[in-house]
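To keep things clear, I will list the structure first and then write my remarks on it.
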Amino acid sequence: MIEVRNLSKRYGDLSAVQDVSFTARPGEVLGFLGPNGAGKTTTIRIITGFLPATSGTVKVCGYDVFEQSAEVRRRIGYLPENPPLYNEMTVIPYLRFVAKLRGLSRGEMDAAIDRVVQACGLGTVTSRLLGHLSKGFRQRVGLAQALIHEPEVLILDEPTNGLDPGQIREMLAFIRSLGTQRTVVLSTHILSQVLSACQKVVIINEGRVVVEELLERLTQDRSLEDVYTQAISQGAEAAA
Amino acid sequence: MRNTLTIAGRELRSYFSSPVAYVLLAVFLALAGYFFYALLIAFNQTLTIYSMMRNPEVLERFNLNEMVIRPLLGNMAVLLIFIVPAITMRLFPEEKRAGTYELLLTSPVRVGEIVLGKFLGGLVLVLVMVLLSGFFGLLLVVYGNPEVPMMIAGYAGLALLAVAFLAIGTLISSFTDNVVIAYVGTLFALLVLYTIGWLGESLQGRWGDLVSYLSVTEHFQEIAKGVIDTKNLVYFATLIVVSLFLTHRSVESVRWR
């Protein structure tokens, strides 16, 4: 469960995110849509506790990100825009490092690593250096890292970036399967991905939420593309 | 504690699984070895000249501690001014560039554990460096008769100096995401700290005293003479603790509203 209320972030005079509110429920994959530079990554970084907000609140599983940051961090799995990999490490030691940081005990660790290696299809590259992996595998190791502690909340910032069409389809199917038990936020600027993986859509433009609706209802009488185009242009008019 | 060791372990592995640690150790030991050799030759020549003059009283006054070990320690201290920034420059900038900083800061790990882990990783490398340079001292013990306690005190002083440099470098690397800036910034800070004593000699009164107290050279040389005074230990401990405390604040500041 993620509850974002009236979130704003300013960098000096520049306002990156303004008064953003939305809710993501367990068992739901929320598609976080918006053009490049709309404030998606900033919002995500605030939810994960990497950046502080200027104002507003974020609650993850009932814990406030600012007041109970450690509790929130324990419950979130996070794949940043660029997978956070140490290039000089190989896959298994890297996953072991993350598992330790995530507080997994020695006993749980091997099973957890086996599980994510399986789930993310890393079996063939376990002894390769992360720096030598292709973009697709780097993205998958990034996802494995985010899943290792079986988080209740999963936040994926453009996870399909740099993948080929086949890999994208696999990744989306995987994300859909993850969403059955967890709260998943999937940030992207590609509409078709939302259609194939998400139940709910939040569209953000120029730092403001312009649409928050279930995908079903949104696409009842028109295509997601129309909704998106209209939402983005409305935002621009409101700003002008 | 576990997290601290996890981070320190990764830091250490990253030094030793790349050529970084080996190159730094090799450069340090090669130059120190060269200084050692030059000092030893000079010592030997002086000794030969004075023994030809058949002046045993003067000969008595020459000893390895004064003429080889202390200048060698001084030279190694200067080497560390250039080597330690190369150890610390990557601590934070590399993580910020690779995006792994986001991983660390969004993990359930305390800022103090991150700072201490990184510092400990560097600490092991620096101590290995000082320990290996102990080989020169060992050679003197085998083939000569230096005063061993004084020599050990001198090496302890060098280790303290190295750790203090490391703490300062850790602090400065936490300010930036650029390794060049981290290196040059630390080099600048260490050079100022090392040479500020020169000002102490010309400044009078209270300011002169303060500047001399701040100078790392004074404290290091006193320890190298074999004087392990609480005053000197307190000086180094303060330098280390304050630097690490400020690093903690600097890392934590990204979370401030």
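Starting from 1 in every chain, residues are counted up; chains themselves are A, B, ... following the order of the structure tokens, and ligands are numbered from 1 as listed.
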
field: Secondary structure check, helix (DSSP H, G or I) residues of region 42-213 of chain A, as a ChimeraX atom specification
entry: /A:42-47,69-75,91-101,106-119,123-125,130-132,135-147,165-178,191-197

task: For chain A, list the residues within 7 Å of chain B, counting only C-alpha atoms, and write the list as a PyMOL selection string.
output: chain A and resi 48-54+70+73-74+82+84-85+88+97+100-102

Output of the above residues as a PDB file, in the first residue's frame, restricted to C-alpha atoms:
ATOM      1  CA  THR A  48      11.749   5.249  -1.623  1.00  0.00           C
ATOM      2  CA  GLY A  49      13.218   7.698   0.876  1.00  0.00           C
ATOM      3  CA  PHE A  50      16.179   8.646  -1.309  1.00  0.00           C
ATOM      4  CA  LEU A  51      15.076  12.266  -1.603  1.00  0.00           C
ATOM      5  CA  PRO A  52      13.193  14.370   0.932  1.00  0.00           C
ATOM      6  CA  ALA A  53       9.985  16.110  -0.140  1.00  0.00           C
ATOM      7  CA  THR A  54       9.547  19.846   0.256  1.00  0.00           C
ATOM      8  CA  ALA A  70      13.851   2.656   8.136  1.00  0.00           C
ATOM      9  CA  ARG A  73      13.016   1.077   3.396  1.00  0.00           C
ATOM     10  CA  ARG A  74      12.730  -2.427   4.835  1.00  0.00           C
ATOM     11  CA  ASN A  82      19.785   2.839 -13.949  1.00  0.00           C
ATOM     12  CA  PRO A  84      22.436   0.010  -9.237  1.00  0.00           C
ATOM     13  CA  LEU A  85      25.230  -2.431 -10.064  1.00  0.00           C
ATOM     14  CA  GLU A  88      33.561  -5.097 -10.759  1.00  0.00           C
ATOM     15  CA  PHE A  97      25.827  -8.204  -0.780  1.00  0.00           C
ATOM     16  CA  LYS A 100      23.060  -8.865   3.593  1.00  0.00           C
ATOM     17  CA  LEU A 101      22.132  -5.190   3.423  1.00  0.00           C
ATOM     18  CA  ARG A 102      18.506  -6.266   3.369  1.00  0.00           C
TER      19      ARG A 102
END

Shell of 12 Å around Leu154 (chain A), only C-alpha atoms, local chain residues under 2 positions omitted, as number ranges by chain: A: 1-2, 24-30, 44, 47-48, 60-61, 72-80, 143-152, 156-157, 159, 175-176, 178-187

Selection to disk with N, CA and C atoms, as a CSV table (one decimal), in the first residue's frame:
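New file again_13.csv:
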chain,number,residue,atom,x,y,z
A,1,MET,N,0.8,-1.2,0.0
A,1,MET,CA,0.0,0.0,0.0
A,1,MET,C,0.9,1.3,0.0
A,2,ILE,N,0.6,2.1,-1.0
A,2,ILE,CA,1.4,3.4,-1.0
A,2,ILE,C,0.3,4.5,-1.0
A,24,ALA,N,-1.8,3.5,-4.2
A,24,ALA,CA,-1.6,2.2,-4.9
A,24,ALA,C,-1.9,1.1,-3.9
A,25,ARG,N,-2.8,0.2,-4.3
A,25,ARG,CA,-3.2,-0.9,-3.3
A,25,ARG,C,-2.5,-2.2,-3.6
A,26,PRO,N,-2.5,-3.0,-2.5
A,26,PRO,CA,-1.9,-4.4,-2.7
A,26,PRO,C,-2.6,-5.2,-3.8
A,27,GLY,N,-1.9,-6.0,-4.5
A,27,GLY,CA,-2.5,-6.8,-5.6
A,27,GLY,C,-2.8,-6.0,-6.8
A,28,GLU,N,-2.1,-4.8,-6.9
A,28,GLU,CA,-2.4,-3.9,-8.0
A,28,GLU,C,-1.1,-3.4,-8.6
A,29,VAL,N,-1.0,-3.5,-9.9
A,29,VAL,CA,0.1,-2.9,-10.6
A,29,VAL,C,-0.3,-1.5,-11.1
A,30,LEU,N,0.4,-0.5,-10.5
A,30,LEU,CA,0.0,0.9,-10.9
A,30,LEU,C,0.9,1.4,-12.0
A,44,ILE,N,9.3,9.0,-7.4
A,44,ILE,CA,9.7,7.7,-7.0
A,44,ILE,C,10.8,7.8,-6.0
A,47,ILE,N,9.3,8.5,-2.7
A,47,ILE,CA,8.6,7.4,-2.1
A,47,ILE,C,9.6,6.4,-1.5
A,48,THR,N,10.8,6.2,-2.1
A,48,THR,CA,11.7,5.2,-1.6
A,48,THR,C,12.6,5.8,-0.5
A,60,VAL,N,4.0,4.3,3.3
A,60,VAL,CA,4.1,3.0,2.6
A,60,VAL,C,3.8,1.9,3.7
A,61,CYS,N,2.8,1.1,3.4
A,61,CYS,CA,2.4,0.1,4.4
A,61,CYS,C,2.0,0.7,5.7
A,72,VAL,N,10.0,1.9,6.3
A,72,VAL,CA,9.6,1.9,4.9
A,72,VAL,C,10.7,1.3,4.0
A,73,ARG,N,11.9,1.6,4.2
A,73,ARG,CA,13.0,1.1,3.4
A,73,ARG,C,13.1,-0.4,3.5
A,74,ARG,N,12.7,-1.0,4.7
A,74,ARG,CA,12.7,-2.4,4.8
A,74,ARG,C,11.7,-3.1,3.9
A,75,ARG,N,10.6,-2.4,3.6
A,75,ARG,CA,9.5,-3.0,2.9
A,75,ARG,C,9.4,-2.8,1.4
A,76,ILE,N,10.4,-1.9,1.0
A,76,ILE,CA,10.3,-1.6,-0.4
A,76,ILE,C,11.4,-2.3,-1.2
A,77,GLY,N,11.1,-2.8,-2.4
A,77,GLY,CA,12.1,-3.2,-3.3
A,77,GLY,C,12.1,-2.2,-4.4
A,78,TYR,N,13.3,-1.8,-4.9
A,78,TYR,CA,13.4,-0.6,-5.7
A,78,TYR,C,14.4,-0.9,-6.9
A,79,LEU,N,13.9,-0.7,-8.1
A,79,LEU,CA,14.8,-0.8,-9.2
A,79,LEU,C,14.9,0.7,-9.8
A,80,PRO,N,16.0,1.4,-9.6
A,80,PRO,CA,16.1,2.7,-10.1
A,80,PRO,C,16.2,2.7,-11.6
A,143,LEU,N,16.4,-6.1,-11.2
A,143,LEU,CA,15.1,-6.6,-10.7
A,143,LEU,C,15.3,-7.6,-9.7
A,144,ALA,N,16.3,-8.5,-9.9
A,144,ALA,CA,16.6,-9.6,-8.9
A,144,ALA,C,16.9,-8.9,-7.6
A,145,GLN,N,17.7,-7.9,-7.6
A,145,GLN,CA,18.2,-7.2,-6.4
A,145,GLN,C,17.0,-6.6,-5.7
A,146,ALA,N,16.0,-6.1,-6.5
A,146,ALA,CA,14.8,-5.5,-5.8
A,146,ALA,C,13.9,-6.5,-5.2
A,147,LEU,N,14.0,-7.8,-5.6
A,147,LEU,CA,13.1,-8.8,-5.2
A,147,LEU,C,13.6,-9.7,-4.1
A,148,ILE,N,14.9,-9.5,-3.8
A,148,ILE,CA,15.6,-10.5,-3.0
A,148,ILE,C,15.0,-10.7,-1.6
A,149,HIS,N,14.4,-9.6,-1.0
A,149,HIS,CA,13.9,-9.7,0.3
A,149,HIS,C,12.4,-9.8,0.3
A,150,GLU,N,11.8,-10.2,-0.8
A,150,GLU,CA,10.3,-10.4,-1.0
A,150,GLU,C,9.6,-9.2,-0.4
A,151,PRO,N,9.8,-8.0,-1.0
A,151,PRO,CA,9.2,-6.8,-0.5
A,151,PRO,C,7.7,-6.8,-0.7
A,152,GLU,N,7.0,-6.1,0.2
A,152,GLU,CA,5.5,-5.9,0.0
A,152,GLU,C,5.3,-4.9,-1.1
A,156,LEU,N,9.4,0.2,-9.7
A,156,LEU,CA,10.2,-0.1,-10.8
A,156,LEU,C,10.2,1.2,-11.7
A,157,ASP,N,11.4,1.8,-11.8
A,157,ASP,CA,11.5,3.0,-12.6
A,157,ASP,C,12.0,2.6,-14.0
A,159,PRO,N,11.6,-0.1,-16.0
A,159,PRO,CA,12.3,-1.4,-16.0
A,159,PRO,C,12.5,-1.9,-17.4
A,175,ILE,N,6.2,-8.9,-14.3
A,175,ILE,CA,5.7,-7.9,-13.4
A,175,ILE,C,4.2,-8.1,-13.1
A,176,ARG,N,3.5,-8.5,-14.1
A,176,ARG,CA,2.1,-8.8,-13.8
A,176,ARG,C,1.9,-9.9,-12.8
A,178,LEU,N,4.0,-10.6,-10.4
A,178,LEU,CA,4.4,-10.1,-9.1
A,178,LEU,C,3.3,-9.3,-8.5
A,179,GLY,N,2.5,-8.6,-9.3
A,179,GLY,CA,1.5,-7.7,-8.8
A,179,GLY,C,0.3,-8.4,-8.2
A,180,THR,N,0.3,-9.8,-8.3
A,180,THR,CA,-0.9,-10.4,-7.7
A,180,THR,C,-0.8,-10.5,-6.2
A,181,GLN,N,0.4,-10.4,-5.6
A,181,GLN,CA,0.5,-10.4,-4.2
A,181,GLN,C,1.0,-9.1,-3.6
A,182,ARG,N,1.6,-8.2,-4.4
A,182,ARG,CA,2.2,-7.0,-3.9
A,182,ARG,C,1.6,-5.8,-4.4
A,183,THR,N,2.1,-4.6,-3.9
A,183,THR,CA,1.8,-3.4,-4.5
A,183,THR,C,3.0,-3.0,-5.5
A,184,VAL,N,2.7,-2.9,-6.7
A,184,VAL,CA,3.8,-2.6,-7.7
A,184,VAL,C,3.5,-1.2,-8.4
A,185,VAL,N,4.5,-0.4,-8.4
A,185,VAL,CA,4.5,0.8,-9.2
A,185,VAL,C,5.4,0.7,-10.4
A,186,LEU,N,4.9,0.8,-11.6
A,186,LEU,CA,5.6,0.6,-12.8
A,186,LEU,C,5.7,2.0,-13.5
A,187,SER,N,6.8,2.6,-13.5
A,187,SER,CA,7.0,3.9,-14.2
A,187,SER,C,7.4,3.6,-15.6

Contacts of region 126-134 of chain A at 6 Å (only C-alpha atoms; same-chain gap of 6+ positions) as a short mmCIF file (atom, residue, chain, number, x, y, z; two decimals) with C-alpha atoms, in the first residue's frame:
data_model
loop_
_atom_site.label_atom_id
_atom_site.label_comp_id
_atom_site.auth_asym_id
_atom_site.auth_seq_id
_atom_site.Cartn_x
_atom_site.Cartn_y
_atom_site.Cartn_z
CA ASN A 87 30.55 -3.36 -12.27
CA MET A 89 31.40 -7.71 -8.99
CA THR A 90 29.93 -10.91 -10.38
CA VAL A 91 26.23 -11.69 -10.11
CA ILE A 92 26.15 -13.98 -7.06
#

field: 9 Å contact set for region 36-41 of chain A, only C-alpha atoms, chain neighbours under 5 positions out, as a list of chain:residue names
entry: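 These residues fall inside the cut-off: A:Ala16, A:Val17, A:Ile46, A:Pro80, A:Glu81, A:Asp157, A:Ser187, A:Thr188, A:His189, A:Ile204, A:Asn205, A:Glu206, A:Gly207, A:Arg208.
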
Nearest-residue call for Ile81 (chain B), choices B:Phe245, B:Phe62, B:Phe165, B:Tyr235, using only C-alpha atoms: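 Under the stated criterion, the closest residue is B:Phe165.
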
- request: Skip Val211 (chain A) itself and residues of its chain fewer than 5 positions away, then list as a PyMOL selection string all residues within 9 Å of it, counting only C-alpha atoms.
  value: chain A and resi 201-204+227-228+231

- request: Mind the document's chain letters and residue numbers, and return as a PyMOL selection string the residues of region 55-102 of chain A that DSSP labels strand (DSSP E or B).
  value: chain A and resi 55-60+63-64+76-79+90

query: From the set B:Trp207, B:Phe35, B:Tyr213, B:Phe236, which residue has the shortest atom-to-atom contact distance to Thr195 (chain B), counting only C-alpha atoms?
result: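 Checking each of B:Trp207, B:Phe35, B:Tyr213, B:Phe236 against Thr195 (chain B), counting only C-alpha atoms, the winner is B:Tyr213.
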